[in-house]
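Step one of this worksheet: look at the structure below.
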Amino acid sequence: MATRREPRFKLCRRLGVNVCGHPKAMKRMDDKAARGGKKISEYGLQLLEKQKLKAYYGILERQLARYMKLSQMSKGITGEVLLQTLECRLDNLVYRLGFARSIRQARQVVTHGHITLNGKRVNIPSQTVKENDVISLRQESRKNPVFANNFQELHPFGLNYLEKNPEEYTGKLLRMPQRDEIPVEINEILIIEHYSQ
């Protein structure tokens, strides 16, 4: 299984946004760090937005192209549907609910089988979570202090479409997220234009 392995902080500085969510990621960032202060072409801006989106959700080019194709075929605004689909990936919701400290750790937690979806053990990070689905930490995994402390200490992103229950180590997707609720600094229109060429 292919994963993104480049240095996280370096990637954040290159893209100009804190895509990994670490408080120290942008510490060495200066005005000229992102793209060296050079003027960026229209194609370059589109490419930059696409790279940001891939970094936010920890996905690769082929996965993004597949999500883009599905979004174009669905009813609704393509950009919003794309972001909603990515936001409802299991590994992303595990991260948003506080089961893990980063999207990379969330992916690993899911892959190693520590998460259940509606009571069934799952190990596919890209699985789509539907409305009212319940994500929980397996009973055996709650004994592991790393997972238990993560869930108890990490605060969720304050998102209205998620519900967290610290006592039962569960979280729930209440509804599909609206575009303005999704916490990513992305101009999805540029991404659509990039794939339309």
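As shown in the structure tokens, the chain order sets the letters A, B, ...; within each chain, residues go from 1, and ligands are also counted from 1 in the order they appear.
For Glu6 in chain A, the residues within 12 Å (counting only C-alpha atoms, excluding itself and residues fewer than 3 positions away along the chain) are A:Thr3, A:Phe9, A:Lys10, A:Leu11, A:Cys12, A:Arg14, A:Cys20, A:Ala55, A:Gly58, A:Arg104.
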Distance table requested - range 119-160 of chain A against range 96-103 of chain A, cut-off 12 Å, only C-alpha atoms: one row per qualifying residue with the closest atom pair and its distance in Å to one decimal, ordered by chain and rising residue number, as a Markdown table.
```
| residue | atom | partner | partner_atom | distance |
| --- | --- | --- | --- | --- |
| A:Pro125 | CA | A:Ile103 | CA | 10.2 |
| A:Ser126 | CA | A:Ile103 | CA | 11.9 |
| A:Val134 | CA | A:Leu97 | CA | 11.3 |
| A:Ile135 | CA | A:Leu97 | CA | 9.1 |
| A:Ser136 | CA | A:Phe99 | CA | 8.8 |
| A:Leu137 | CA | A:Phe99 | CA | 7.8 |
| A:Arg138 | CA | A:Phe99 | CA | 11.3 |
| A:Ser141 | CA | A:Phe99 | CA | 11.1 |
| A:Arg142 | CA | A:Phe99 | CA | 10.7 |
| A:Pro145 | CA | A:Phe99 | CA | 11.8 |
| A:Val146 | CA | A:Ala100 | CA | 9.1 |
| A:Phe147 | CA | A:Phe99 | CA | 6.5 |
| A:Ala148 | CA | A:Phe99 | CA | 8.1 |
| A:Asn149 | CA | A:Phe99 | CA | 8.8 |
| A:Asn150 | CA | A:Phe99 | CA | 5.7 |
| A:Phe151 | CA | A:Phe99 | CA | 4.8 |
| A:Gln152 | CA | A:Gly98 | CA | 8.0 |
| A:Glu153 | CA | A:Gly98 | CA | 8.1 |
| A:Leu154 | CA | A:Gly98 | CA | 5.2 |
| A:His155 | CA | A:Gly98 | CA | 6.2 |
| A:Pro156 | CA | A:Leu97 | CA | 4.9 |
| A:Phe157 | CA | A:Arg96 | CA | 6.1 |
| A:Gly158 | CA | A:Arg96 | CA | 9.0 |
| A:Leu159 | CA | A:Arg96 | CA | 8.5 |
| A:Asn160 | CA | A:Leu97 | CA | 11.6 |
```
Take the residues just selected and output them with C-alpha atoms as a PDB file, in the first residue's frame.
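The result, stored in out_28.pdb:
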```
ATOM      1  CA  PRO A 125      -8.618   3.755   5.710  1.00  0.00           C
ATOM      2  CA  SER A 126     -10.413   4.912   2.544  1.00  0.00           C
ATOM      3  CA  VAL A 134     -20.625   5.033  14.749  1.00  0.00           C
ATOM      4  CA  ILE A 135     -16.824   4.871  14.890  1.00  0.00           C
ATOM      5  CA  SER A 136     -15.321   3.373  18.036  1.00  0.00           C
ATOM      6  CA  LEU A 137     -12.059   2.126  19.484  1.00  0.00           C
ATOM      7  CA  ARG A 138     -11.983  -1.656  19.920  1.00  0.00           C
ATOM      8  CA  SER A 141      -7.295  -1.310  22.114  1.00  0.00           C
ATOM      9  CA  ARG A 142      -8.699   0.814  24.943  1.00  0.00           C
ATOM     10  CA  PRO A 145      -2.486   4.013  26.938  1.00  0.00           C
ATOM     11  CA  VAL A 146      -1.493   5.715  23.651  1.00  0.00           C
ATOM     12  CA  PHE A 147      -4.924   5.264  22.079  1.00  0.00           C
ATOM     13  CA  ALA A 148      -6.838   5.882  25.309  1.00  0.00           C
ATOM     14  CA  ASN A 149      -4.906   9.080  26.110  1.00  0.00           C
ATOM     15  CA  ASN A 150      -5.238  10.370  22.545  1.00  0.00           C
ATOM     16  CA  PHE A 151      -9.004  10.062  22.636  1.00  0.00           C
ATOM     17  CA  GLN A 152      -9.389  11.511  26.133  1.00  0.00           C
ATOM     18  CA  GLU A 153      -6.897  14.389  25.718  1.00  0.00           C
ATOM     19  CA  LEU A 154      -7.337  15.470  22.092  1.00  0.00           C
ATOM     20  CA  HIS A 155     -10.239  17.794  21.513  1.00  0.00           C
ATOM     21  CA  PRO A 156     -12.223  17.323  18.315  1.00  0.00           C
ATOM     22  CA  PHE A 157     -12.107  20.124  15.782  1.00  0.00           C
ATOM     23  CA  GLY A 158     -15.389  21.550  17.076  1.00  0.00           C
ATOM     24  CA  LEU A 159     -17.247  20.334  14.020  1.00  0.00           C
ATOM     25  CA  ASN A 160     -21.052  20.365  14.120  1.00  0.00           C
TER      26      ASN A 160
END
```
task = Take CA of Gln197 in chain A and CA of Arg8 in chain A and report the distance between them in Å, one decimal.
result =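 Computing the Euclidean distance for CA of Gln197 in chain A and CA of Arg8 in chain A yields 29.5 Å.
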ask   = Neighbours of Glu188 in chain A within 9 Å (only C-alpha atoms; same-chain residues fewer than 5 positions away dropped), as a list in words?
value =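 Using only C-alpha atoms, the neighbours found are Glu49, Lys50, Leu53, Thr78, Gly79, Glu80, Leu82, Leu83 and Glu193 of chain A.
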task = List every residue of range 90-137 of chain A that DSSP, applied to the backbone of this structure, places in strand (DSSP E), and write the result as a list of chain:residue names.
result =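 Residues of range 90-137 of chain A classed as strand (DSSP E): A:Ile115, A:Thr116, A:Leu117, A:Lys120, A:Arg121, A:Val122, A:Val134, A:Ile135, A:Ser136, A:Leu137.
Separating CA of Tyr195 in chain A from CA of Gln127 in chain A is a distance of 23.6 Å.
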query = Nearest to Gln84 in chain A among A:Glu61, A:Asp180, A:Glu167, A:Glu140, with distances taken over only C-alpha atoms: which residue is it?
reply =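 Among the listed residues, A:Asp180 lies closest to Gln84 in chain A.
Neighbouring residues of Leu174 in chain A at 9 Å or closer, counting only C-alpha atoms and skipping chain neighbours under 4 positions away, are Lys130, Glu131, Asn132, Asp133, Asn160, Tyr161, Leu162 and Glu163 of chain A.
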Quick one: write out the picked residues with C-alpha atoms as a JSON list (two decimals), in the first residue's frame?
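Writing the result to again.json gives the following:
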```json
[["chain", "number", "residue", "atom", "x", "y", "z"],
["A", 130, "LYS", "CA", -22.23, 7.33, 6.07],
["A", 131, "GLU", "CA", -24.60, 9.45, 8.15],
["A", 132, "ASN", "CA", -25.28, 8.06, 11.67],
["A", 133, "ASP", "CA", -22.38, 5.57, 11.42],
["A", 160, "ASN", "CA", -21.05, 20.36, 14.12],
["A", 161, "TYR", "CA", -21.40, 17.26, 11.98],
["A", 162, "LEU", "CA", -19.46, 15.08, 14.45],
["A", 163, "GLU", "CA", -20.41, 13.87, 17.91]]
```
task = Counting only C-alpha atoms, figure out which residue out of A:Cys88, A:Leu117, A:Val122, A:Val94 gets nearest to Met176 in chain A.
result =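 Using only C-alpha atoms, the shortest distance to Met176 in chain A belongs to A:Cys88.
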